[in-house]
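Reviewing the structure listed below.
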Amino acid sequence: MGGIRIVSTGPEPLQNDQCRAILVLRLGAALNSVRAAQRWTIRNQDEGPAGEFDRFQAYLVAAAHLAEACKLFWANQGCILELAEKGDVEADNVAKLISIADPRAGVQANLLKWIRNKEAFHWDCEVFERWASAQKARVVWFRSSGDTAGELVMSASHQALVDFTVGLGADKHESVQDKIKEQLVHVLDAMKHVIHVFESAVAGFLQQHGAIPEVEGGNS
């Protein structure tokens, strides 16, 4: 079995090119978060109430991290693209990321922003007040398909978030699950463009500073 591949430099980039080095560290943190959210979203196949909740929650986390990555890109677009060009970025991915990240753009940008600000990180009162006002029948507060606390889902809270998320879509005739699946496809597709551009920028920075690829343990 091969060793773990690494790419390393001395401390000089952090000392002599600190401003761009800090940006590259932030891009790396974004890449770690986006890739993790991508894996969780794709791999979550459990059944029952907890499985359904986990899939939806993975989607919220993915959308929220994607929104944060877009915000980071938009605020530092010039420097990121300058580095990315040195890392052989593809123009098509750049164009698509600019379109996705533009805070003045259409549904996708608004969808990401609302999910990040009101659902994933802040649990905004407005989301739950809107849902509570619409309820006219029995309210199911929690559901469970197993014997452990870990399989318990606070169902009313979950449904409030689902209804709010579905309401962000334009087509009112789709089913709830179809809307969520459609939004998830958009998020996963957008992640590919973020990953490509950010990785290209990191690669461009490391190439400039003579980074050395090797297998951990000292083999070049």
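By order in the structure tokens, chains are A, B, ...; within a chain, residues start at 1; ligands start at 1, following the order shown.
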Worksheet item: Tell me, which residues of range 88-220 of chain A carry DSSP alpha helix (DSSP H), written as a ChimeraX atom specification?
Response: /A:91-101,107-114,125-134,155-167,176-208
Worksheet entry | Shell of 10 Å around Glu216 in chain A, only C-alpha atoms, local chain residues under 6 positions omitted, as a VMD selection string | chain A and resid 2 to 7
Practice prompt. Would you please work out which residue, of A:Ile195, A:Ala36, A:Ile42, A:Leu184, is nearest to Phe73 in chain A when using only C-alpha atoms?
Written response: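 Among the listed residues, the smallest separation from Phe73 in chain A belongs to A:Ile195.
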Worksheet item: Of the residues A:Glu85, A:Glu52, A:Asp124, A:Glu68, which is the one nearest to Phe205 in chain A, using only C-alpha atoms?
Response: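 Ranking A:Glu85, A:Glu52, A:Asp124, A:Glu68 by distance to Phe205 in chain A, first place goes to A:Glu85.
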Give me, as a Markdown table, each residue of range 49-146 of chain A that comes within 12 Å of range 162-168 of chain A, together with its shortest interatomic pair and the distance in Å at one decimal, counting only C-alpha atoms, with rows ordered by chain and rising residue number.
| residue | atom | partner | partner_atom | distance |
| --- | --- | --- | --- | --- |
| A:Glu52 | CA | A:Val162 | CA | 11.0 |
| A:Phe53 | CA | A:Val162 | CA | 9.5 |
| A:Arg55 | CA | A:Val162 | CA | 11.4 |
| A:Phe56 | CA | A:Val162 | CA | 7.9 |
| A:Gln57 | CA | A:Val162 | CA | 9.6 |
| A:Tyr59 | CA | A:Thr165 | CA | 10.5 |
| A:Leu60 | CA | A:Thr165 | CA | 9.1 |
| A:Ala63 | CA | A:Thr165 | CA | 11.0 |
| A:Gly106 | CA | A:Leu168 | CA | 11.8 |
| A:Val107 | CA | A:Leu168 | CA | 8.3 |
| A:Gln108 | CA | A:Leu168 | CA | 9.7 |
| A:Ala109 | CA | A:Leu168 | CA | 11.3 |
| A:Asn110 | CA | A:Leu168 | CA | 8.5 |
| A:Leu111 | CA | A:Leu168 | CA | 6.4 |
| A:Leu112 | CA | A:Leu168 | CA | 9.8 |
| A:Lys113 | CA | A:Leu168 | CA | 10.8 |
| A:Trp114 | CA | A:Leu168 | CA | 8.4 |
| A:Ile115 | CA | A:Thr165 | CA | 7.3 |
| A:Arg116 | CA | A:Thr165 | CA | 11.0 |
| A:Lys118 | CA | A:Phe164 | CA | 9.6 |
| A:Glu119 | CA | A:Thr165 | CA | 8.5 |
| A:Ala120 | CA | A:Thr165 | CA | 10.8 |
| A:Trp123 | CA | A:Phe164 | CA | 11.4 |
| A:Asp124 | CA | A:Phe164 | CA | 11.0 |
| A:Cys125 | CA | A:Phe164 | CA | 11.8 |
| A:Glu126 | CA | A:Phe164 | CA | 9.8 |
| A:Val127 | CA | A:Phe164 | CA | 6.4 |
| A:Phe128 | CA | A:Phe164 | CA | 8.6 |
| A:Glu129 | CA | A:Phe164 | CA | 10.7 |
| A:Arg130 | CA | A:Phe164 | CA | 8.4 |
| A:Trp131 | CA | A:Asp163 | CA | 7.5 |
| A:Ala132 | CA | A:Asp163 | CA | 11.0 |
| A:Ala134 | CA | A:Asp163 | CA | 10.5 |
| A:Gln135 | CA | A:Asp163 | CA | 11.6 |
Discussion item. Using only C-alpha atoms, which protein or nucleic acid residues come within 12 Å of Leu14 in chain A? Drop anything in the same chain fewer than 5 positions from it, and give the result as a ChimeraX atom specification.
Written reply: /A:9,19-25,205-206,209
Kindly save the residues from that selection, with N, CA and C atoms included, as a PDB file, in the first residue's frame.
ATOM      1  N   THR A   9       6.123  23.068   1.879  1.00  0.00           N
ATOM      2  CA  THR A   9       7.096  24.139   1.671  1.00  0.00           C
ATOM      3  C   THR A   9       7.743  24.416   3.016  1.00  0.00           C
ATOM      4  N   CYS A  19      -0.155  37.919   3.190  1.00  0.00           N
ATOM      5  CA  CYS A  19      -1.525  38.273   2.823  1.00  0.00           C
ATOM      6  C   CYS A  19      -2.155  37.192   1.936  1.00  0.00           C
ATOM      7  N   ARG A  20      -1.426  36.789   0.898  1.00  0.00           N
ATOM      8  CA  ARG A  20      -1.966  35.750   0.013  1.00  0.00           C
ATOM      9  C   ARG A  20      -1.964  34.388   0.697  1.00  0.00           C
ATOM     10  N   ALA A  21      -0.990  34.144   1.556  1.00  0.00           N
ATOM     11  CA  ALA A  21      -0.941  32.866   2.278  1.00  0.00           C
ATOM     12  C   ALA A  21      -2.173  32.700   3.165  1.00  0.00           C
ATOM     13  N   ILE A  22      -2.583  33.775   3.832  1.00  0.00           N
ATOM     14  CA  ILE A  22      -3.767  33.703   4.685  1.00  0.00           C
ATOM     15  C   ILE A  22      -5.004  33.429   3.842  1.00  0.00           C
ATOM     16  N   LEU A  23      -5.098  34.068   2.672  1.00  0.00           N
ATOM     17  CA  LEU A  23      -6.224  33.804   1.776  1.00  0.00           C
ATOM     18  C   LEU A  23      -6.231  32.340   1.340  1.00  0.00           C
ATOM     19  N   VAL A  24      -5.063  31.803   1.009  1.00  0.00           N
ATOM     20  CA  VAL A  24      -4.968  30.404   0.584  1.00  0.00           C
ATOM     21  C   VAL A  24      -5.360  29.467   1.730  1.00  0.00           C
ATOM     22  N   LEU A  25      -4.989  29.818   2.958  1.00  0.00           N
ATOM     23  CA  LEU A  25      -5.423  29.011   4.105  1.00  0.00           C
ATOM     24  C   LEU A  25      -6.943  29.034   4.239  1.00  0.00           C
ATOM     25  N   PHE A 205      -0.595  29.112  -5.996  1.00  0.00           N
ATOM     26  CA  PHE A 205       0.197  29.689  -4.906  1.00  0.00           C
ATOM     27  C   PHE A 205       1.366  28.782  -4.540  1.00  0.00           C
ATOM     28  N   LEU A 206       1.094  27.496  -4.412  1.00  0.00           N
ATOM     29  CA  LEU A 206       2.146  26.561  -4.009  1.00  0.00           C
ATOM     30  C   LEU A 206       3.224  26.419  -5.078  1.00  0.00           C
ATOM     31  N   HIS A 209       5.719  29.099  -4.895  1.00  0.00           N
ATOM     32  CA  HIS A 209       6.619  29.022  -3.744  1.00  0.00           C
ATOM     33  C   HIS A 209       7.400  27.704  -3.694  1.00  0.00           C
TER      34      HIS A 209
END
Worksheet entry | Two-atom distance - CA of His65 in chain A, CA of His193 in chain A (Å) |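 According to the coordinates, CA of His65 in chain A and CA of His193 in chain A are separated by 13.6 Å.
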Fill in: A:Ala37, A:Val202, A:Cys70, A:Ala156 ranked by distance to Ala101 in chain A, top pick (using only C-alpha atoms)
A:Cys70
Worksheet item: Which of these, A:Arg39, A:Ala69, A:Ser133, A:Glu82, has the shortest distance to Asp102 in chain A once you count only C-alpha atoms?
Response: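 Selected residue with least distance to Asp102 in chain A: A:Ala69.
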Item to complete: Excluding Leu83 in chain A and residues on its chain fewer than 2 positions from it, collect all residues at most 6 Å away from it, counting only C-alpha atoms, and give them as a ChimeraX atom specification.
Response: /A:80-81,85-86,201,204-205
Practice prompt. Enumerate the residues of range 32-178 of chain A with a DSSP assignment of strand (DSSP E or B), computed from the backbone, and present them as a PyMOL selection string.
Written response: chain A and resi 143-144+152-153
Practice prompt. Give the answer as one residue: which of A:Met154, A:Ala84, A:Ala62, A:Leu27 has the shortest atom-to-atom distance to Trp40 in chain A, using only C-alpha atoms?
Written response: A:Ala62
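Here CA of Phe121 in chain A and CA of Ala64 in chain A stand 7.9 Å from one another.
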Practice prompt. Provide the CA of Asp92 in chain A to CA of Ala190 in chain A distance in Å, to one decimal place.
Written response: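 Going from CA of Asp92 in chain A over to CA of Ala190 in chain A, I get 12.4 Å.
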Discussion item. For a quick check of understanding, using only C-alpha atoms, which of A:Ala211, A:Ile100, A:Val61, A:Leu66 has the smallest distance to Ala30 in chain A?
Written reply: A:Leu66
